[in-house]
Each structure stands twice: as C-alpha cells, then as structure tokens.
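Text of the file start-v5.cif, holding mmCIF, C-alpha atoms and all ligand atoms:
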```
data_entry
#
loop_
_atom_site.label_atom_id
_atom_site.label_comp_id
_atom_site.auth_asym_id
_atom_site.auth_seq_id
_atom_site.Cartn_x
_atom_site.Cartn_y
_atom_site.Cartn_z
CA MET A 223 -43.67 17.78 -70.62
CA THR A 224 -39.99 17.13 -71.42
CA SER A 225 -37.47 19.82 -70.66
CA GLY A 226 -34.48 20.45 -72.94
CA PRO A 227 -30.85 20.77 -71.86
CA SER A 228 -30.26 23.55 -69.37
CA ALA A 229 -28.66 26.73 -70.68
CA VAL A 230 -24.90 27.21 -70.38
CA ARG A 231 -24.48 30.36 -68.28
CA VAL A 232 -21.65 32.53 -69.58
CA ALA A 233 -20.86 35.47 -67.29
CA VAL A 234 -18.87 38.58 -68.15
CA LEU A 235 -17.56 40.22 -65.00
CA PHE A 236 -17.63 43.99 -64.72
CA PRO A 237 -17.62 44.90 -68.43
CA GLU A 238 -17.75 48.60 -67.53
CA LEU A 239 -14.51 48.28 -65.48
CA LEU A 240 -12.68 45.55 -67.36
CA GLY A 241 -13.79 46.22 -70.92
CA THR A 242 -11.03 48.34 -72.45
CA TYR A 243 -9.72 45.73 -74.89
CA GLY A 244 -12.86 44.16 -76.33
CA ASP A 245 -12.44 40.99 -74.26
CA SER A 246 -16.20 40.68 -73.81
CA GLY A 247 -16.06 39.37 -77.39
CA ASN A 248 -14.94 36.14 -75.71
CA ALA A 249 -18.54 35.76 -74.51
CA ALA A 250 -19.82 36.10 -78.08
CA ALA A 251 -17.31 33.48 -79.27
CA LEU A 252 -18.40 31.03 -76.56
CA ALA A 253 -22.09 31.69 -77.18
CA TYR A 254 -21.61 31.00 -80.88
CA ARG A 255 -19.83 27.71 -80.23
CA ILE A 256 -22.36 26.59 -77.61
CA ARG A 257 -25.38 27.32 -79.85
CA ALA A 258 -23.66 25.62 -82.79
CA ARG A 259 -23.69 22.44 -80.65
CA GLY A 260 -27.44 22.78 -80.23
CA LEU A 261 -27.27 23.94 -76.62
CA PRO A 262 -28.96 27.04 -75.21
CA VAL A 263 -26.85 29.88 -73.78
CA GLU A 264 -27.68 32.32 -71.04
CA PRO A 265 -25.40 35.37 -71.24
CA VAL A 266 -24.96 37.02 -67.83
CA ARG A 267 -23.52 40.53 -67.57
CA ILE A 268 -22.37 41.21 -64.02
CA ARG A 269 -21.90 44.92 -63.45
CA ALA A 270 -19.71 46.17 -60.61
CA GLY A 271 -22.73 47.09 -58.48
CA ASP A 272 -24.47 43.73 -58.98
CA ARG A 273 -24.56 40.76 -56.65
CA ILE A 274 -22.08 38.22 -58.06
CA PRO A 275 -23.89 34.96 -58.85
CA THR A 276 -21.98 31.77 -58.02
CA GLY A 277 -24.01 29.49 -60.30
CA CYS A 278 -22.65 30.41 -63.73
CA ASP A 279 -20.73 27.87 -65.82
CA VAL A 280 -18.04 30.14 -67.28
CA TYR A 281 -16.77 33.47 -65.94
CA LEU A 282 -14.92 35.83 -68.27
CA ILE A 283 -12.73 38.63 -66.92
CA GLY A 284 -11.16 41.13 -69.30
CA GLY A 285 -8.41 43.72 -69.41
CA SER A 286 -8.41 47.33 -68.30
CA GLU A 287 -6.37 50.38 -67.50
CA ASP A 288 -4.62 50.33 -64.12
CA GLY A 289 -7.25 52.58 -62.46
CA PRO A 290 -10.28 50.24 -62.43
CA GLN A 291 -8.35 47.15 -61.34
CA PRO A 292 -8.43 47.91 -57.59
CA PHE A 293 -12.21 48.46 -57.76
CA ALA A 294 -12.64 45.12 -59.47
CA ALA A 295 -10.43 43.46 -56.84
CA ALA A 296 -12.47 45.01 -54.04
CA ARG A 297 -15.73 43.80 -55.60
CA LEU A 298 -14.34 40.27 -55.96
CA ALA A 299 -12.99 40.10 -52.41
CA GLY A 300 -16.24 38.53 -51.14
CA GLY A 301 -15.11 35.13 -52.43
CA GLU A 302 -17.99 34.45 -54.86
CA LEU A 303 -15.64 33.57 -57.70
CA ALA A 304 -13.76 31.06 -55.55
CA GLN A 305 -17.11 29.48 -54.60
CA ALA A 306 -18.05 29.22 -58.27
CA VAL A 307 -14.68 27.60 -59.07
CA ASP A 308 -15.16 25.14 -56.18
CA ARG A 309 -18.48 24.12 -57.71
CA GLY A 310 -16.77 23.45 -61.05
CA ALA A 311 -17.11 26.69 -62.99
CA ALA A 312 -14.44 27.64 -65.54
CA VAL A 313 -12.77 31.04 -65.56
CA LEU A 314 -10.94 32.77 -68.42
CA ALA A 315 -9.08 35.83 -67.17
CA VAL A 316 -7.25 38.11 -69.60
CA CYS A 317 -4.48 40.53 -68.65
CA SER A 318 -5.99 42.63 -65.79
CA GLY A 319 -8.08 39.53 -65.15
CA LEU A 320 -4.98 37.32 -64.88
CA GLN A 321 -3.33 39.86 -62.60
CA LEU A 322 -6.44 40.05 -60.37
CA LEU A 323 -6.51 36.27 -59.95
CA GLY A 324 -2.90 36.10 -58.73
CA ARG A 325 -1.80 36.74 -55.14
CA HIS A 326 -0.95 40.39 -55.71
CA PHE A 327 -0.73 42.97 -58.46
CA PRO A 328 0.57 46.55 -58.63
CA GLY A 329 -1.92 49.31 -57.95
CA PRO A 330 -1.80 52.52 -60.01
CA ASP A 331 0.94 53.86 -57.67
CA GLY A 332 2.96 50.64 -58.05
CA ARG A 333 2.28 49.34 -54.54
CA PRO A 334 1.09 45.72 -54.33
CA LEU A 335 -2.62 45.05 -53.81
CA ALA A 336 -4.14 41.72 -52.82
CA GLY A 337 -5.49 39.53 -55.61
CA LEU A 338 -7.83 36.55 -55.32
CA ASP A 339 -5.21 33.80 -55.16
CA LEU A 340 -6.97 31.66 -57.75
CA LEU A 341 -3.89 31.48 -59.97
CA PRO A 342 -0.35 30.60 -58.76
CA LEU A 343 1.37 33.85 -59.69
CA VAL A 344 2.28 37.34 -58.60
CA THR A 345 2.50 40.51 -60.70
CA ARG A 346 4.89 43.37 -60.10
CA ALA A 347 5.25 46.84 -61.54
CA PRO A 348 8.02 47.02 -64.14
CA ALA A 349 11.44 48.28 -63.12
CA ALA A 350 12.07 51.90 -64.05
CA GLY A 351 12.85 52.22 -67.73
CA LEU A 352 11.26 48.93 -68.78
CA PRO A 353 8.98 49.72 -71.72
CA ARG A 354 5.32 48.84 -71.79
CA THR A 355 4.83 45.36 -73.28
CA VAL A 356 2.84 45.80 -76.48
CA GLY A 357 2.59 43.69 -79.62
CA ASP A 358 1.51 40.44 -81.23
CA VAL A 359 2.03 37.15 -79.42
CA ARG A 360 2.19 33.51 -80.40
CA VAL A 361 2.03 30.92 -77.62
CA ARG A 362 2.67 27.18 -77.97
CA PRO A 363 0.85 25.13 -75.30
CA GLY A 364 2.54 21.99 -74.01
CA PRO A 365 1.38 18.44 -74.90
CA GLU A 366 -1.10 18.41 -71.99
CA LEU A 367 -3.11 21.11 -73.84
CA PRO A 368 -3.32 19.81 -77.43
CA ILE A 369 -4.95 22.92 -78.91
CA GLY A 370 -2.29 24.20 -81.30
CA ASP A 371 -0.67 27.62 -81.14
CA VAL A 372 -2.64 30.41 -79.52
CA ILE A 373 -2.35 33.91 -80.97
CA GLY A 374 -3.38 37.37 -79.80
CA PHE A 375 -1.91 40.67 -78.73
CA GLU A 376 -0.63 41.97 -75.44
CA ASN A 377 -0.59 45.44 -73.94
CA HIS A 378 0.51 45.56 -70.32
CA ARG A 379 2.73 47.26 -67.81
CA GLY A 380 2.70 44.60 -65.08
CA GLN A 381 5.08 41.62 -65.28
CA SER A 382 3.94 38.31 -63.79
CA THR A 383 5.91 35.46 -62.23
CA LEU A 384 4.49 31.95 -61.95
CA ASP A 385 5.13 29.93 -58.80
CA PRO A 386 7.71 27.15 -59.26
CA GLY A 387 6.03 24.15 -60.88
CA ALA A 388 2.93 26.10 -61.92
CA SER A 389 1.57 25.46 -65.43
CA PRO A 390 1.55 28.28 -67.98
CA LEU A 391 -0.78 28.33 -70.97
CA GLY A 392 2.35 27.75 -73.05
CA SER A 393 5.77 28.88 -74.23
CA VAL A 394 6.05 32.21 -75.99
CA LEU A 395 7.32 31.93 -79.58
CA GLN A 396 6.73 35.57 -80.45
CA GLY A 397 6.13 38.51 -78.13
CA TYR A 398 6.72 38.47 -74.37
CA GLY A 399 3.81 37.05 -72.32
CA ASN A 400 4.05 37.04 -68.53
CA ASP A 401 7.52 38.49 -68.04
CA ARG A 402 9.62 40.27 -70.63
CA THR A 403 12.69 40.31 -68.36
CA LEU A 404 13.18 36.56 -68.91
CA ALA A 405 15.40 35.25 -71.69
CA PRO A 406 13.35 34.57 -74.86
CA ALA A 407 13.65 30.79 -74.45
CA ASP A 408 12.24 31.00 -70.90
CA ARG A 409 9.23 33.19 -71.66
CA VAL A 410 5.78 31.76 -71.02
CA ASP A 411 2.28 33.17 -71.16
CA GLY A 412 -0.56 32.72 -68.75
CA ALA A 413 -1.37 30.16 -66.11
CA VAL A 414 -3.69 27.18 -65.88
CA GLN A 415 -4.87 25.77 -62.57
CA GLY A 416 -7.77 23.36 -62.70
CA ARG A 417 -10.47 25.13 -64.70
CA VAL A 418 -9.01 28.59 -64.16
CA LEU A 419 -7.06 29.89 -67.15
CA GLY A 420 -5.28 33.22 -67.27
CA SER A 421 -3.51 34.75 -70.27
CA TYR A 422 -2.16 38.10 -71.38
CA LEU A 423 -3.72 37.60 -74.83
CA HIS A 424 -6.40 39.94 -76.07
CA GLY A 425 -7.95 39.46 -79.47
CA PRO A 426 -10.58 38.62 -78.26
CA VAL A 427 -8.56 35.48 -77.71
CA LEU A 428 -11.43 32.98 -77.91
CA ALA A 429 -12.63 34.39 -81.24
CA LEU A 430 -9.14 34.00 -82.70
CA ASN A 431 -8.51 30.58 -81.18
CA PRO A 432 -11.51 28.24 -81.51
CA ALA A 433 -9.60 25.31 -80.00
CA LEU A 434 -8.97 27.34 -76.85
CA ALA A 435 -12.66 28.25 -76.71
CA ASP A 436 -13.58 24.56 -76.99
CA LEU A 437 -11.05 23.64 -74.29
CA VAL A 438 -12.77 26.00 -71.85
CA LEU A 439 -16.24 24.86 -72.94
CA GLY A 440 -15.26 21.22 -72.70
CA TRP A 441 -14.34 21.75 -69.04
CA VAL A 442 -17.94 22.62 -68.22
CA ILE A 443 -20.06 20.75 -70.76
CA GLY A 444 -17.94 17.69 -71.42
CA PRO A 445 -16.41 16.34 -74.63
CA LEU A 446 -17.44 18.35 -77.68
CA ALA A 447 -18.08 17.20 -81.22
CA PRO A 448 -15.98 19.14 -83.72
CA LEU A 449 -17.80 22.15 -85.02
CA GLU A 450 -18.51 21.88 -88.70
CA ASP A 451 -19.27 25.31 -90.01
CA PRO A 452 -16.97 25.79 -92.99
CA GLU A 453 -17.79 29.46 -93.51
CA HIS A 454 -17.17 30.33 -89.87
CA GLU A 455 -13.97 28.28 -89.77
CA ARG A 456 -12.82 30.07 -92.97
CA GLN A 457 -13.46 33.44 -91.35
CA VAL A 458 -11.51 32.42 -88.25
CA ALA A 459 -8.66 31.09 -90.38
CA ARG A 460 -8.52 34.34 -92.36
CA ALA A 461 -8.46 36.40 -89.14
CA ARG A 462 -5.67 34.20 -87.75
CA LEU A 463 -3.66 34.63 -90.94
CA ARG A 464 -4.15 38.38 -90.95
CA ARG A 465 -3.00 38.61 -87.35
CA ALA A 466 -0.24 36.03 -87.27
CA GLY A 467 0.57 34.65 -90.70
CA LEU A 468 2.11 37.89 -91.87
CA ARG A 469 4.35 37.93 -88.87
CA THR A 470 5.68 34.41 -89.12
CA SER A 471 8.14 35.52 -91.80
CA ARG A 472 11.72 36.09 -90.64
CA ARG A 473 11.25 39.85 -91.10
CA HIS A 474 8.53 39.88 -88.45
CA ARG A 475 10.00 37.62 -85.79
CA GLN A 476 10.41 40.60 -83.43
CA PRO A 477 7.16 42.03 -82.05
CA ARG A 478 6.11 45.20 -83.81
CA GLN A 479 6.75 48.32 -81.78
CA TYR A 480 3.60 50.24 -81.08
CA GLY A 481 3.25 53.58 -79.33
CA GLN A 482 3.15 53.65 -75.54
CA GLN A 483 -0.59 53.26 -75.16
CA ALA A 484 -2.54 53.70 -71.99
CA GLY A 485 -3.88 50.61 -70.36
N1 LIG B 501 -3.41 47.64 -66.46
C1 LIG B 501 -2.72 46.39 -66.48
C2 LIG B 501 -1.27 46.53 -66.93
O1 LIG B 501 -0.95 47.42 -67.69
C3 LIG B 501 -3.47 45.44 -67.39
C4 LIG B 501 -3.53 45.91 -68.82
C5 LIG B 501 -4.48 45.10 -69.67
O2 LIG B 501 -5.43 44.54 -69.18
N2 LIG B 501 -4.24 45.09 -70.95
O3 LIG B 501 -0.46 45.74 -66.53
#
```
With the file now loaded, output its structure as structure tokens.
Ligand code: GLN
Amino acid sequence: MTSGPSAVRVAVLFPELLGTYGDSGNAAALAYRIRARGLPVEPVRIRAGDRIPTGCDVYLIGGSEDGPQPFAAARLAGGELAQAVDRGAAVLAVCSGLQLLGRHFPGPDGRPLAGLDLLPLVTRAPAAGLPRTVGDVRVRPGPELPIGDVIGFENHRGQSTLDPGASPLGSVLQGYGNDRTLAPADRVDGAVQGRVLGSYLHGPVLALNPALADLVLGWVIGPLAPLEDPEHERQVARARLRRAGLRTSRRHRQPRQYGQQAG
C-alpha cells in the first residue's frame, strides 16, 4: 500500500483567548492554499486547557484584549512553542501574538510581563495621552521578502521596539505599525526571525495577502507552484482593493480615525 503526502498540521493557539479580531481566519486561508496544492491539511485547535503539541507545522497566534494576554503567556511559558520552532515549525503571531513573542509586554495594569523571547522586540504601554493605534495599514517588505505590499488593519495600545539590527516585516507606508511615536519615515511593522513572523496586521492578514500566506507555507513545505484559481484570486484582489485601493488616493493618506475601541 502506498501512503500519500503527510498532512500539513496548522495549529491555532488559544482561539478562545486570542480570537477577538478574527485572526483564526488565517488558518482557513492557509488550509485553502495547502489543499489547492493537492496536499492534505490537519487543522489543530489548541485550547488554553490543552496540552500544547510540538509537532505542528505552522502555529497561528491571534490578537486579543489586554485581559487574556497574561493567561496566554502563562500557558506558553512551558517552552513548547520554542521546541516546535527549533524543530522547524513556522509561527505567525498577530498583535497580541507579536507582543507575547517578544521579551516583555505590558499587562492590563501597564506593568511589564515576561514574553517568550522568540522575537527580538519589547512592547511597552503607551505614554499617557497617546491615543490607541487604530486604522488601515500598508507595509512594504524589503527586497529579502519579495511578496509585494502587505495590507491589513491595526488596533492596539502597546507600542513595540525592535532590537537594533532586527528585521521587521517591512516599512510602514500608511498607518503606524510597531511604534507610532517614531517619525513616519522610520515606522516599521512586525518582526521576522527565522520562521517566526510577527505583525500588527489583522485582516485576517493571510486572507488579504496570499503572497504572505505562501511565504509562511513555503517555509514548511518548500517551494510552491503559483496557485492558479482565477476566481479566488479575483475575490482576493477585490477585497484588497476595497480595503486599500480606496485609501491610496491623496485624500486617504492619513489613517482613518476610528472610535477608541476596546482591545
Ligand atoms: N491588547 C493588545 C494591545 O492593545 C493587543 C491588541 C490586539 O491584539 N489587537 O496592545
């Protein structure tokens, strides 16, 4: 009996804690793109009370309000995610996820709590009077990540600083990204270290940015043939236009101001 290719295991970590912003849609986007290449997918939902498996191929960590973040950090303190990364797994961590993977992040009372130290950054509470960072974002990755502009939206209180020499996902063309206190020309979003990628972009970001999804997939399953699904690509292109195209006009260069939403 011949056995087919083994399933790509796509894990969503703690969807009940880190699921405020629909980031588990990143799992659906990856599953779609894996199946479209003729490979089987095994979705793995890891709830906060579950044992954390170290054998998955991709781990997805989403955004949340401030309250659940310390619980997620405590559950991840056992080192399973670091073991998975050491074995070659990829991680996409969005907003709370990015903050959790840094060295420290602000707890609900603003005091720093230990992160996992899988990304070279720290996150601090904003200075008094700094508004919440909310709006649409366009990020331009550098030449080492030839995936085109990445779009999404951000909604965060914490402000993150990369270590000197660390690699961001890209430069921010619109919106704020990691740290709104920097001059516009110095603003960057996210961090990339090996196969661990953090970003402030919700969306879900992999549904809006197929090239980013394929970058992450390529890390774990090797070079990928382009996906030829004209109807799906048209839908993605329409969604990208709706989200970003309207705001590339001069009138929309500044991020839209939204209400001060919880998160
Ligand atoms: N609660 C964190 C903050 O506001 C993360 C928010 C999010 O995940 N969108 O900084």
### Message
Taking only C-alpha atoms and all ligand atoms into account, which residues have an atom no farther than 6 Å from ligand LIG 501 (chain B)? I'd like them as a PyMOL selection string.
### Response
chain A and resi 285-288+317-318+377-380+485
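The shortest atom-to-atom distance to Pro262 (chain A), with all atoms listed in the file taken into account, belongs to A:Ile443 out of A:Ile443, A:Val414, A:Leu322, A:Leu449.
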### Task
Would you mind telling me which residue in A:Ala388, A:Gly319, A:Val263, A:Arg255 lies nearest to Leu282 (chain A) when using all atoms listed in the file?
A:Gly319
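Among the candidates A:Ala229, A:Val234, A:Ala349, A:Ala251, the residue lying nearest to Arg402 (chain A) is A:Ala349 (atoms considered: all atoms listed in the file).
Among A:Pro368, A:Pro452, A:Gly440, A:Gly397, the residue with the shortest atom-to-atom distance to Gly310 (chain A), counting only C-alpha atoms, is A:Gly440.
The two atoms in question, CA of Val280 (chain A) and CA of Leu395 (chain A), are spaced 28.2 Å apart.
Atom pair CA of Glu238 (chain A) / CA of Ala294 (chain A): separated by 10.2 Å.
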### Query
Using only C-alpha atoms, what residues lie at most 8 Å away from (-9.7, 26.0, -62.0) (file coordinates), given as a PyMOL selection string?
chain A and resi 307+310-313+340+414-419
### All residues 9 Å or closer to Arg267 (chain A), all atoms listed in the file, same chain fewer than 5 positions away omitted, as a ChimeraX atom specification
/A:232-237
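As for CA of Val359 (chain A) and CA of Pro445 (chain A), they are spaced 28.2 Å apart.
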Could you write region 311-333 of chain A of the block just shown to a file containing N, CA, C and O atoms, as a PDB file, in the first residue's frame?
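Result saved to selection21.pdb:
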```
ATOM      1  N   ALA A 311       9.205  24.439  12.849  1.00  0.00           N
ATOM      2  CA  ALA A 311       7.842  24.940  12.627  1.00  0.00           C
ATOM      3  C   ALA A 311       7.878  26.437  12.325  1.00  0.00           C
ATOM      4  O   ALA A 311       8.807  27.139  12.729  1.00  0.00           O
ATOM      5  N   ALA A 312       6.855  26.912  11.614  1.00  0.00           N
ATOM      6  CA  ALA A 312       6.684  28.345  11.364  1.00  0.00           C
ATOM      7  C   ALA A 312       5.635  28.883  12.327  1.00  0.00           C
ATOM      8  O   ALA A 312       4.731  28.160  12.740  1.00  0.00           O
ATOM      9  N   VAL A 313       5.790  30.157  12.681  1.00  0.00           N
ATOM     10  CA  VAL A 313       4.821  30.809  13.568  1.00  0.00           C
ATOM     11  C   VAL A 313       4.409  32.133  12.940  1.00  0.00           C
ATOM     12  O   VAL A 313       5.263  32.900  12.494  1.00  0.00           O
ATOM     13  N   LEU A 314       3.106  32.393  12.882  1.00  0.00           N
ATOM     14  CA  LEU A 314       2.604  33.722  12.529  1.00  0.00           C
ATOM     15  C   LEU A 314       1.868  34.252  13.753  1.00  0.00           C
ATOM     16  O   LEU A 314       0.905  33.647  14.222  1.00  0.00           O
ATOM     17  N   ALA A 315       2.337  35.371  14.275  1.00  0.00           N
ATOM     18  CA  ALA A 315       1.794  35.923  15.507  1.00  0.00           C
ATOM     19  C   ALA A 315       1.311  37.347  15.239  1.00  0.00           C
ATOM     20  O   ALA A 315       2.076  38.196  14.802  1.00  0.00           O
ATOM     21  N   VAL A 316       0.021  37.585  15.477  1.00  0.00           N
ATOM     22  CA  VAL A 316      -0.582  38.875  15.140  1.00  0.00           C
ATOM     23  C   VAL A 316      -0.917  39.653  16.409  1.00  0.00           C
ATOM     24  O   VAL A 316      -1.596  39.143  17.295  1.00  0.00           O
ATOM     25  N   CYS A 317      -0.436  40.841  16.481  1.00  0.00           N
ATOM     26  CA  CYS A 317      -0.765  41.829  17.521  1.00  0.00           C
ATOM     27  C   CYS A 317      -0.502  41.290  18.934  1.00  0.00           C
ATOM     28  O   CYS A 317       0.646  41.253  19.328  1.00  0.00           O
ATOM     29  N   SER A 318      -1.519  40.842  19.698  1.00  0.00           N
ATOM     30  CA  SER A 318      -1.204  40.230  20.997  1.00  0.00           C
ATOM     31  C   SER A 318      -0.171  39.142  20.808  1.00  0.00           C
ATOM     32  O   SER A 318       0.725  38.965  21.648  1.00  0.00           O
ATOM     33  N   GLY A 319      -0.306  38.388  19.720  1.00  0.00           N
ATOM     34  CA  GLY A 319       0.639  37.299  19.443  1.00  0.00           C
ATOM     35  C   GLY A 319       2.045  37.827  19.310  1.00  0.00           C
ATOM     36  O   GLY A 319       2.987  37.300  19.919  1.00  0.00           O
ATOM     37  N   LEU A 320       2.226  38.903  18.524  1.00  0.00           N
ATOM     38  CA  LEU A 320       3.560  39.511  18.380  1.00  0.00           C
ATOM     39  C   LEU A 320       4.077  39.952  19.742  1.00  0.00           C
ATOM     40  O   LEU A 320       5.232  39.713  20.094  1.00  0.00           O
ATOM     41  N   GLN A 321       3.202  40.602  20.518  1.00  0.00           N
ATOM     42  CA  GLN A 321       3.640  41.109  21.827  1.00  0.00           C
ATOM     43  C   GLN A 321       4.063  39.958  22.740  1.00  0.00           C
ATOM     44  O   GLN A 321       5.065  40.048  23.453  1.00  0.00           O
ATOM     45  N   LEU A 322       3.298  38.848  22.688  1.00  0.00           N
ATOM     46  CA  LEU A 322       3.622  37.686  23.536  1.00  0.00           C
ATOM     47  C   LEU A 322       4.967  37.066  23.182  1.00  0.00           C
ATOM     48  O   LEU A 322       5.646  36.501  24.028  1.00  0.00           O
ATOM     49  N   LEU A 323       5.334  37.141  21.903  1.00  0.00           N
ATOM     50  CA  LEU A 323       6.590  36.500  21.475  1.00  0.00           C
ATOM     51  C   LEU A 323       7.814  37.375  21.717  1.00  0.00           C
ATOM     52  O   LEU A 323       8.940  36.923  21.527  1.00  0.00           O
ATOM     53  N   GLY A 324       7.616  38.628  22.106  1.00  0.00           N
ATOM     54  CA  GLY A 324       8.759  39.473  22.454  1.00  0.00           C
ATOM     55  C   GLY A 324       9.266  39.147  23.855  1.00  0.00           C
ATOM     56  O   GLY A 324       8.842  38.174  24.476  1.00  0.00           O
ATOM     57  N   ARG A 325      10.198  39.986  24.346  1.00  0.00           N
ATOM     58  CA  ARG A 325      10.772  39.703  25.677  1.00  0.00           C
ATOM     59  C   ARG A 325       9.851  40.136  26.806  1.00  0.00           C
ATOM     60  O   ARG A 325       9.791  39.512  27.843  1.00  0.00           O
ATOM     61  N   HIS A 326       9.127  41.259  26.606  1.00  0.00           N
ATOM     62  CA  HIS A 326       8.110  41.618  27.587  1.00  0.00           C
ATOM     63  C   HIS A 326       7.029  42.469  26.946  1.00  0.00           C
ATOM     64  O   HIS A 326       7.239  43.067  25.884  1.00  0.00           O
ATOM     65  N   PHE A 327       5.882  42.477  27.601  1.00  0.00           N
ATOM     66  CA  PHE A 327       4.731  43.234  27.097  1.00  0.00           C
ATOM     67  C   PHE A 327       3.992  43.789  28.313  1.00  0.00           C
ATOM     68  O   PHE A 327       4.128  43.254  29.423  1.00  0.00           O
ATOM     69  N   PRO A 328       3.200  44.859  28.127  1.00  0.00           N
ATOM     70  CA  PRO A 328       2.520  45.434  29.288  1.00  0.00           C
ATOM     71  C   PRO A 328       1.293  44.620  29.684  1.00  0.00           C
ATOM     72  O   PRO A 328       0.468  44.273  28.835  1.00  0.00           O
ATOM     73  N   GLY A 329       1.182  44.310  30.957  1.00  0.00           N
ATOM     74  CA  GLY A 329      -0.033  43.680  31.456  1.00  0.00           C
ATOM     75  C   GLY A 329      -1.150  44.707  31.496  1.00  0.00           C
ATOM     76  O   GLY A 329      -0.942  45.890  31.202  1.00  0.00           O
ATOM     77  N   PRO A 330      -2.362  44.271  31.873  1.00  0.00           N
ATOM     78  CA  PRO A 330      -3.502  45.196  31.902  1.00  0.00           C
ATOM     79  C   PRO A 330      -3.243  46.426  32.777  1.00  0.00           C
ATOM     80  O   PRO A 330      -3.762  47.500  32.502  1.00  0.00           O
ATOM     81  N   ASP A 331      -2.405  46.300  33.820  1.00  0.00           N
ATOM     82  CA  ASP A 331      -2.108  47.473  34.665  1.00  0.00           C
ATOM     83  C   ASP A 331      -0.882  48.245  34.165  1.00  0.00           C
ATOM     84  O   ASP A 331      -0.413  49.169  34.822  1.00  0.00           O
ATOM     85  N   GLY A 332      -0.353  47.851  33.013  1.00  0.00           N
ATOM     86  CA  GLY A 332       0.770  48.583  32.420  1.00  0.00           C
ATOM     87  C   GLY A 332       2.134  48.040  32.816  1.00  0.00           C
ATOM     88  O   GLY A 332       3.146  48.376  32.203  1.00  0.00           O
ATOM     89  N   ARG A 333       2.171  47.201  33.873  1.00  0.00           N
ATOM     90  CA  ARG A 333       3.483  46.677  34.284  1.00  0.00           C
ATOM     91  C   ARG A 333       3.966  45.589  33.339  1.00  0.00           C
ATOM     92  O   ARG A 333       3.164  44.802  32.832  1.00  0.00           O
TER      93      ARG A 333
END
```
